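Structure data follow from run.txt (compact mmCIF, C-alpha atoms):
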# COMPACT_ATOMS: atom_id res chain seq x y z
CA MET J 1 113.17 86.99 14.48
CA ILE J 2 114.98 89.79 16.38
CA VAL J 3 114.47 90.35 20.10
CA LEU J 4 115.54 93.70 21.54
CA ASP J 5 115.90 94.27 25.27
CA ASP J 6 116.26 97.70 26.84
CA VAL J 7 119.20 97.41 29.25
CA THR J 8 119.43 101.13 30.04
CA GLU J 9 118.24 100.63 33.60
CA PHE J 10 120.81 97.88 34.25
CA ALA J 11 123.60 100.03 32.80
CA LEU J 12 122.60 102.95 35.03
CA LEU J 13 122.49 100.69 38.09
CA ASP J 14 125.96 99.35 37.30
CA GLU J 15 127.28 102.91 36.86
CA LEU J 16 125.75 104.00 40.18
CA ARG J 17 127.23 100.98 41.92
CA SER J 18 130.67 101.76 40.51
CA GLU J 19 130.42 105.39 41.67
CA LEU J 20 129.34 104.26 45.14
CA VAL J 21 132.30 101.86 45.35
CA ALA J 22 134.74 104.59 44.31
CA VAL J 23 133.39 107.21 46.74
CA ALA J 24 133.03 104.84 49.68
CA SER J 25 136.53 103.42 49.19
CA HIS J 26 138.10 106.86 48.97
CA GLU J 27 136.29 108.09 52.10
CA LEU J 28 137.32 104.98 54.06
CA LYS J 29 141.01 105.36 53.26
CA THR J 30 141.89 108.22 55.62
CA PRO J 31 140.11 107.05 58.80
CA LEU J 32 141.34 103.52 58.20
CA THR J 33 144.95 104.73 57.98
CA THR J 34 144.49 106.66 61.22
CA LEU J 35 143.03 103.61 62.95
CA ARG J 36 145.91 101.42 61.77
CA MET J 37 148.53 103.90 63.00
CA ASN J 38 146.86 104.13 66.42
CA LEU J 39 146.76 100.35 66.75
CA MET J 40 150.45 100.11 65.86
CA LEU J 41 151.31 102.77 68.46
CA LEU J 42 149.24 100.88 71.02
CA GLY J 43 151.19 97.75 70.12
CA GLU J 44 154.42 99.39 71.24
CA ALA J 45 153.11 99.16 74.82
CA ALA J 46 151.86 95.59 74.42
CA ASP J 47 154.42 94.25 76.90
CA ALA J 48 152.24 95.66 79.67
CA PHE J 49 149.13 93.91 78.34
CA THR J 50 147.66 90.62 79.46
CA PRO J 51 147.81 87.74 76.96
CA ARG J 52 144.11 88.23 76.23
CA GLN J 53 144.61 91.95 75.57
CA ARG J 54 147.52 91.25 73.23
CA GLU J 55 145.40 88.70 71.38
CA MET J 56 142.60 91.24 70.96
CA LEU J 57 145.05 93.88 69.73
CA GLU J 58 146.54 91.49 67.17
CA ALA J 59 143.03 90.56 65.97
CA ALA J 60 142.11 94.25 65.64
CA LEU J 61 145.28 95.01 63.67
CA LEU J 62 144.74 92.00 61.39
CA GLY J 63 141.15 93.09 60.76
CA CYS J 64 142.37 96.58 59.97
CA GLU J 65 144.93 95.20 57.49
CA GLU J 66 142.27 93.08 55.77
CA LEU J 67 139.89 96.02 55.52
CA GLY J 68 142.71 98.15 54.12
CA SER J 69 143.45 95.49 51.51
CA THR J 70 139.77 95.35 50.52
CA THR J 71 139.63 99.15 50.27
CA ASP J 72 142.70 99.16 48.01
CA GLU J 73 141.06 96.56 45.79
CA LEU J 74 137.87 98.63 45.51
CA LEU J 75 139.91 101.71 44.62
CA ASP J 76 141.69 99.69 41.93
CA VAL J 77 138.29 98.68 40.52
CA ALA J 78 137.40 102.37 40.27
CA ARG J 79 140.73 103.14 38.56
CA ILE J 80 140.27 100.31 36.05
CA GLU J 81 136.77 101.41 35.13
CA ALA J 82 137.95 105.01 34.74
CA GLY J 83 140.84 103.84 32.53
CA GLN J 84 143.33 105.20 35.06
CA LEU J 85 145.19 102.04 36.07
CA ARG J 86 148.89 102.85 35.79
CA LEU J 87 151.68 100.29 35.63
CA ASP J 88 155.26 100.96 36.71
CA LEU J 89 156.96 98.58 34.30
CA ALA J 90 160.49 97.26 34.75
CA PRO J 91 162.31 93.91 34.41
CA VAL J 92 161.31 91.89 37.51
CA ASP J 93 161.90 88.35 38.75
CA LEU J 94 158.68 86.43 39.47
CA ASN J 95 160.60 84.35 42.04
CA ASN J 96 161.30 87.45 44.14
CA ILE J 97 157.71 88.63 43.87
CA LEU J 98 156.47 85.21 44.95
CA ASP J 99 158.80 85.25 47.98
CA SER J 100 157.35 88.62 49.01
CA ALA J 101 153.76 87.37 48.59
CA LEU J 102 154.48 84.26 50.66
CA ARG J 103 155.99 86.35 53.46
CA SER J 104 152.89 88.53 53.62
CA LEU J 105 150.66 85.43 53.84
CA ARG J 106 152.76 83.45 56.33
CA THR J 107 150.26 83.83 59.19
CA ARG J 108 147.33 82.80 56.96
CA ILE J 109 149.27 79.82 55.64
CA ASP J 110 150.01 78.65 59.19
CA ASP J 111 146.40 79.19 60.30
CA ALA J 112 145.03 77.31 57.27
CA GLU J 113 147.09 74.22 58.22
CA VAL J 114 147.74 73.27 54.60
CA ARG J 115 150.78 71.67 53.00
CA LEU J 116 152.36 74.37 50.87
CA GLU J 117 154.53 73.08 48.02
CA VAL J 118 156.50 75.50 45.85
CA ARG J 119 158.07 74.37 42.57
CA ARG J 120 160.21 76.63 40.42
CA ASP J 121 162.43 75.55 37.57
CA VAL J 122 163.15 79.06 36.36
CA PRO J 123 166.03 80.88 38.07
CA PRO J 124 165.63 83.75 37.28
CA ALA J 125 162.08 84.23 35.94
CA ILE J 126 162.29 87.67 34.35
CA VAL J 127 159.28 89.49 32.90
CA ARG J 128 158.57 93.13 32.21
CA GLY J 129 156.00 94.05 34.81
CA ASP J 130 154.83 96.15 37.72
CA PRO J 131 156.13 94.36 40.85
CA THR J 132 153.45 95.78 43.17
CA ARG J 133 150.57 94.83 40.87
CA LEU J 134 151.98 91.36 40.15
CA ARG J 135 152.51 90.79 43.88
CA ASN J 136 148.84 91.65 44.43
CA VAL J 137 147.84 89.12 41.77
CA MET J 138 149.94 86.37 43.35
CA THR J 139 148.66 87.23 46.83
CA ASN J 140 145.05 87.07 45.63
CA LEU J 141 145.52 83.69 43.96
CA LEU J 142 147.31 82.26 47.00
CA ALA J 143 144.71 83.65 49.42
CA ASN J 144 141.92 82.06 47.35
CA ALA J 145 143.68 78.70 47.41
CA LEU J 146 144.01 78.90 51.20
CA LYS J 147 140.32 79.77 51.55
CA TYR J 148 139.07 76.79 49.60
CA SER J 149 141.56 74.10 50.59
CA PRO J 150 140.57 71.89 53.54
CA ARG J 151 142.89 71.57 56.54
CA GLY J 152 145.61 69.07 55.72
CA GLY J 153 145.15 69.67 51.99
CA ARG J 154 147.90 70.66 49.59
CA VAL J 155 148.39 74.00 47.88
CA LEU J 156 150.84 73.79 44.98
CA VAL J 157 152.56 76.90 43.58
CA GLU J 158 154.55 76.67 40.34
CA ILE J 159 156.64 78.97 38.16
CA VAL J 160 157.60 77.31 34.88
CA PHE J 161 158.70 78.12 31.33
CA ARG J 162 156.25 77.59 28.48
CA ARG J 163 156.70 78.05 24.73
CA ASP J 164 153.54 79.09 22.88
CA GLY J 165 152.91 78.23 19.25
CA GLY J 166 155.53 75.53 18.78
CA ALA J 167 159.31 75.56 18.72
CA ASP J 168 159.48 79.03 17.16
CA GLY J 169 156.84 80.56 19.39
CA PRO J 170 157.46 83.15 22.12
CA VAL J 171 158.74 81.99 25.50
CA THR J 172 156.37 82.70 28.36
CA LEU J 173 156.50 82.29 32.11
CA GLN J 174 153.57 80.59 33.79
CA PHE J 175 152.57 81.11 37.41
CA ALA J 176 149.99 78.61 38.70
CA VAL J 177 148.30 77.91 42.02
CA THR J 178 146.50 74.59 42.60
CA ASP J 179 144.19 74.17 45.57
CA ALA J 180 142.51 71.10 47.07
CA GLY J 181 139.03 72.62 47.25
CA PRO J 182 135.68 71.53 45.79
CA GLY J 183 136.51 72.85 42.36
CA VAL J 184 134.75 75.28 40.01
CA PRO J 185 131.99 73.84 37.77
CA GLU J 186 132.74 74.16 34.05
CA PRO J 187 130.05 76.81 33.30
CA PHE J 188 131.62 79.17 35.84
CA ARG J 189 135.34 78.87 34.98
CA ASP J 190 135.31 82.01 32.85
CA ARG J 191 132.78 83.84 34.99
CA VAL J 192 134.91 83.68 38.15
CA PHE J 193 136.89 86.60 36.68
CA GLU J 194 133.78 88.79 36.42
CA LYS J 195 133.36 91.68 38.83
CA PHE J 196 131.44 90.74 42.01
CA PHE J 197 130.87 87.15 40.80
CA ARG J 198 130.89 84.46 43.50
CA VAL J 199 130.44 80.77 42.62
CA GLU J 200 128.73 80.16 45.99
CA HIS J 201 125.85 82.40 44.97
CA HIS J 202 125.03 80.07 42.06
CA LEU J 203 125.25 76.71 43.84
CA ASP J 204 123.04 74.97 46.38
CA ARG J 205 126.07 74.17 48.48
CA ALA J 206 128.12 76.83 50.27
CA GLN J 207 131.45 76.33 51.93
CA GLU J 208 131.47 77.52 55.51
CA GLY J 209 133.94 80.24 56.44
CA VAL J 210 134.62 81.28 52.84
CA ARG J 211 134.17 85.01 52.50
CA GLY J 212 135.02 87.51 49.82
CA THR J 213 133.91 90.51 47.80
CA GLY J 214 134.04 88.85 44.39
CA ILE J 215 136.53 91.39 43.01
CA GLY J 216 139.89 89.67 43.66
CA LEU J 217 139.93 87.55 40.50
CA TYR J 218 138.45 90.41 38.48
CA LEU J 219 141.40 92.57 39.49
CA CYS J 220 143.81 89.73 38.71
CA ARG J 221 142.38 89.45 35.20
CA GLU J 222 142.59 93.19 34.55
CA VAL J 223 146.17 93.47 35.83
CA VAL J 224 147.34 90.46 33.81
CA LYS J 225 145.58 91.82 30.71
CA ALA J 226 147.28 95.19 31.24
CA HIS J 227 150.60 93.30 31.17
CA GLY J 228 149.66 91.67 27.87
CA GLY J 229 149.21 88.28 29.55
CA LEU J 230 146.55 85.60 29.85
CA ILE J 231 144.82 84.23 32.96
CA TRP J 232 142.52 81.22 33.24
CA CYS J 233 140.90 78.68 35.56
CA GLU J 234 140.81 74.90 35.03
CA PRO J 235 140.25 71.72 37.04
CA ALA J 236 143.24 70.24 38.81
CA GLU J 237 144.74 66.97 37.66
CA GLY J 238 142.58 64.12 38.92
CA GLY J 239 139.51 66.33 39.09
CA VAL J 240 139.99 67.42 42.71
CA GLY J 241 140.69 71.11 43.23
CA THR J 242 141.22 74.06 40.93
CA VAL J 243 144.17 75.55 39.06
CA VAL J 244 144.28 79.29 38.48
CA ALA J 245 147.21 80.36 36.33
CA PHE J 246 148.54 83.26 34.32
CA ARG J 247 151.20 83.62 31.65
CA LEU J 248 153.41 86.58 30.80
CA ARG J 249 155.98 86.92 28.04
CA ALA J 250 159.48 86.20 29.32
CA GLU J 251 162.20 88.79 28.98
CA ALA J 252 165.28 87.70 27.05
Take the structure in this file and express it as structure tokens.
Amino acid sequence: MIVLDDVTEFALLDELRSELVAVASHELKTPLTTLRMNLMLLGEAADAFTPRQREMLEAALLGCEELGSTTDELLDVARIEAGQLRLDLAPVDLNNILDSALRSLRTRIDDAEVRLEVRRDVPPAIVRGDPTRLRNVMTNLLANALKYSPRGGRVLVEIVFRRDGGADGPVTLQFAVTDAGPGVPEPFRDRVFEKFFRVEHHLDRAQEGVRGTGIGLYLCREVVKAHGGLIWCEPAEGGVGTVVAFRLRAEA
């Protein structure tokens, strides 16, 4: 028995959605940049503001930065689907990229009130990669871990050597982030890397305060794939929390 389904309508809808994302993101970029610049100029006179006014300005600037980050992600989705994602490859140290990602997330880490533990046994950790794209991947994985970990929980970040395929196999570098959240059910561990997929939409329970577009992990997968690497999701040791990790071939 052969069953044939006509998916033309679904394909057209997906194409229209992709075009809408690309156009909307591009049109948002210029006014958003103008708004951010105006807020930064306003911040230069913040000494004359009341504490409440400074707090509102900081919140507005943070919101602008988050919207800018989301817009950049949507533009990257459009580039990936158009086959126009370009990598600026060079030997880079994953330790330095991680330090940069952690600096950019310092405020979020403090606000999340989690115990951040960083382990690295690889000085230096050299791969051939695009530092900006890899920084975005690390930032996305760290931001996800902060979202899903409860206050007082632990977020573990590791950079370690791995050898694939036995003693004669290639040496790879593994970057992994472990959160203390509710975990990802087994049927969804591959699907979390799909575009616009959110686990919360497929479960009865929903974690309060967890927001997202569902494109962060999709972008991570595409960037890692473009580097010739592998990314995956698995349960944390002990069954509490989730590990999201990627591997790239180490440079000699």
**Request:** Find the residues near J:Ala180: any atom within 7 Å, counting only C-alpha atoms, skip ones fewer than 3 places away on the same chain, and give them as a PyMOL selection string.
**Result:** chain J and resi 149-150+153-155+240-242
Box centre and edge lengths (Å, one decimal), axis-aligned, stretch 120-128 of chain J plus 5 Å each side, as AutoDock Vina command-line options:
--center_x 162.3 --center_y 84.3 --center_z 36.3 --size_x 17.5 --size_y 27.6 --size_z 18.2
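Among the candidates J:Leu248, J:Ala48, J:Ala112, J:Ala60, the one nearest to J:Val92 when counting all atoms listed in the file is J:Leu248.
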**Message:** For a test of reading the model, state the distance in Å between atom CA of J:Val177 and atom CA of J:Asn136, rounded to one decimal.
**Reply:**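 The value is 14.0 Å.
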**Request:** Can you pull out every residue within 7 Å of J:Val157, counting all atoms listed in the file, but drop anything in the same chain fewer than 6 positions away, and send it as a PyMOL selection string?
**Result:** chain J and resi 117-119+176-178
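Distance check against J:Phe193 using all atoms listed in the file: of J:Cys220, J:Phe175, J:Glu113, J:Pro170, the minimum falls on J:Cys220.
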Might you pull out every residue within 9 Å of J:Arg221, with all atoms listed in the file counted and same-chain residues fewer than 2 positions away left off, and present them as a CSV table (one decimal) with C-alpha atoms, in the coordinates of the input?
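What ended up in around-v2.csv:
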chain,number,residue,atom,x,y,z
J,137,VAL,CA,147.8,89.1,41.8
J,193,PHE,CA,136.9,86.6,36.7
J,194,GLU,CA,133.8,88.8,36.4
J,216,GLY,CA,139.9,89.7,43.7
J,217,LEU,CA,139.9,87.6,40.5
J,218,TYR,CA,138.4,90.4,38.5
J,219,LEU,CA,141.4,92.6,39.5
J,223,VAL,CA,146.2,93.5,35.8
J,224,VAL,CA,147.3,90.5,33.8
J,225,LYS,CA,145.6,91.8,30.7
J,226,ALA,CA,147.3,95.2,31.2
J,229,GLY,CA,149.2,88.3,29.6
J,230,LEU,CA,146.6,85.6,29.8
J,231,ILE,CA,144.8,84.2,33.0
J,232,TRP,CA,142.5,81.2,33.2
J,246,PHE,CA,148.5,83.3,34.3
**Prompt:** Can you find the residues with an atom no farther than 10 Å from (157.6, 84.0, 42.0), counting only C-alpha atoms, and report them as number ranges by chain?
**Reply:** J: 92-102, 118-120, 122-126, 134-135, 138, 157-160, 174-176
Store the residues picked out above, limited to C-alpha atoms, as a CSV table (one decimal), keeping the file's coordinate frame.
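Wrote out35.csv, looks like this:
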chain,number,residue,atom,x,y,z
J,92,VAL,CA,161.3,91.9,37.5
J,93,ASP,CA,161.9,88.4,38.8
J,94,LEU,CA,158.7,86.4,39.5
J,95,ASN,CA,160.6,84.4,42.0
J,96,ASN,CA,161.3,87.4,44.1
J,97,ILE,CA,157.7,88.6,43.9
J,98,LEU,CA,156.5,85.2,45.0
J,99,ASP,CA,158.8,85.2,48.0
J,100,SER,CA,157.4,88.6,49.0
J,101,ALA,CA,153.8,87.4,48.6
J,102,LEU,CA,154.5,84.3,50.7
J,118,VAL,CA,156.5,75.5,45.8
J,119,ARG,CA,158.1,74.4,42.6
J,120,ARG,CA,160.2,76.6,40.4
J,122,VAL,CA,163.2,79.1,36.4
J,123,PRO,CA,166.0,80.9,38.1
J,124,PRO,CA,165.6,83.8,37.3
J,125,ALA,CA,162.1,84.2,35.9
J,126,ILE,CA,162.3,87.7,34.4
J,134,LEU,CA,152.0,91.4,40.2
J,135,ARG,CA,152.5,90.8,43.9
J,138,MET,CA,149.9,86.4,43.4
J,157,VAL,CA,152.6,76.9,43.6
J,158,GLU,CA,154.6,76.7,40.3
J,159,ILE,CA,156.6,79.0,38.2
J,160,VAL,CA,157.6,77.3,34.9
J,174,GLN,CA,153.6,80.6,33.8
J,175,PHE,CA,152.6,81.1,37.4
J,176,ALA,CA,150.0,78.6,38.7
**Prompt:** Mind pulling up the distance from atom CA of J:Pro182 to atom CA of J:Arg198?
**Reply:**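 Taking atom CA of J:Arg198 as the start and atom CA of J:Pro182 as the end point, the length is 14.0 Å.
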**Asked** Between atom CA of J:Asp110 and atom CA of J:Leu67, what is the distance, to one decimal in Å?
**Response**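 Taking atom CA of J:Asp110 as the start and atom CA of J:Leu67 as the end point, the length is 20.4 Å.
Nearest residue to J:Gly129 among J:Gly152, J:Pro51, J:Gly228, J:Gly68 is J:Gly228, counting all atoms listed in the file.
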**Asked** Out of J:Glu186, J:Glu251, J:Glu44, J:Glu58, which residue has the shortest atom-to-atom distance to J:Thr107 when counting all atoms listed in the file?
**Response** J:Glu58
**Prompt:** Which residue, J:Asp76, J:Val114, J:Lys195, J:Leu32, has the smallest gap to J:Tyr148 when you use only C-alpha atoms?
**Reply:**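 Smallest separation from J:Tyr148 among the options: J:Val114.
Comparing the minimum interatomic distances between J:Val244 and each of J:Asn140, J:Thr172, J:Ser104, J:Gln53, counting all atoms listed in the file, we find that J:Asn140 sits nearest.
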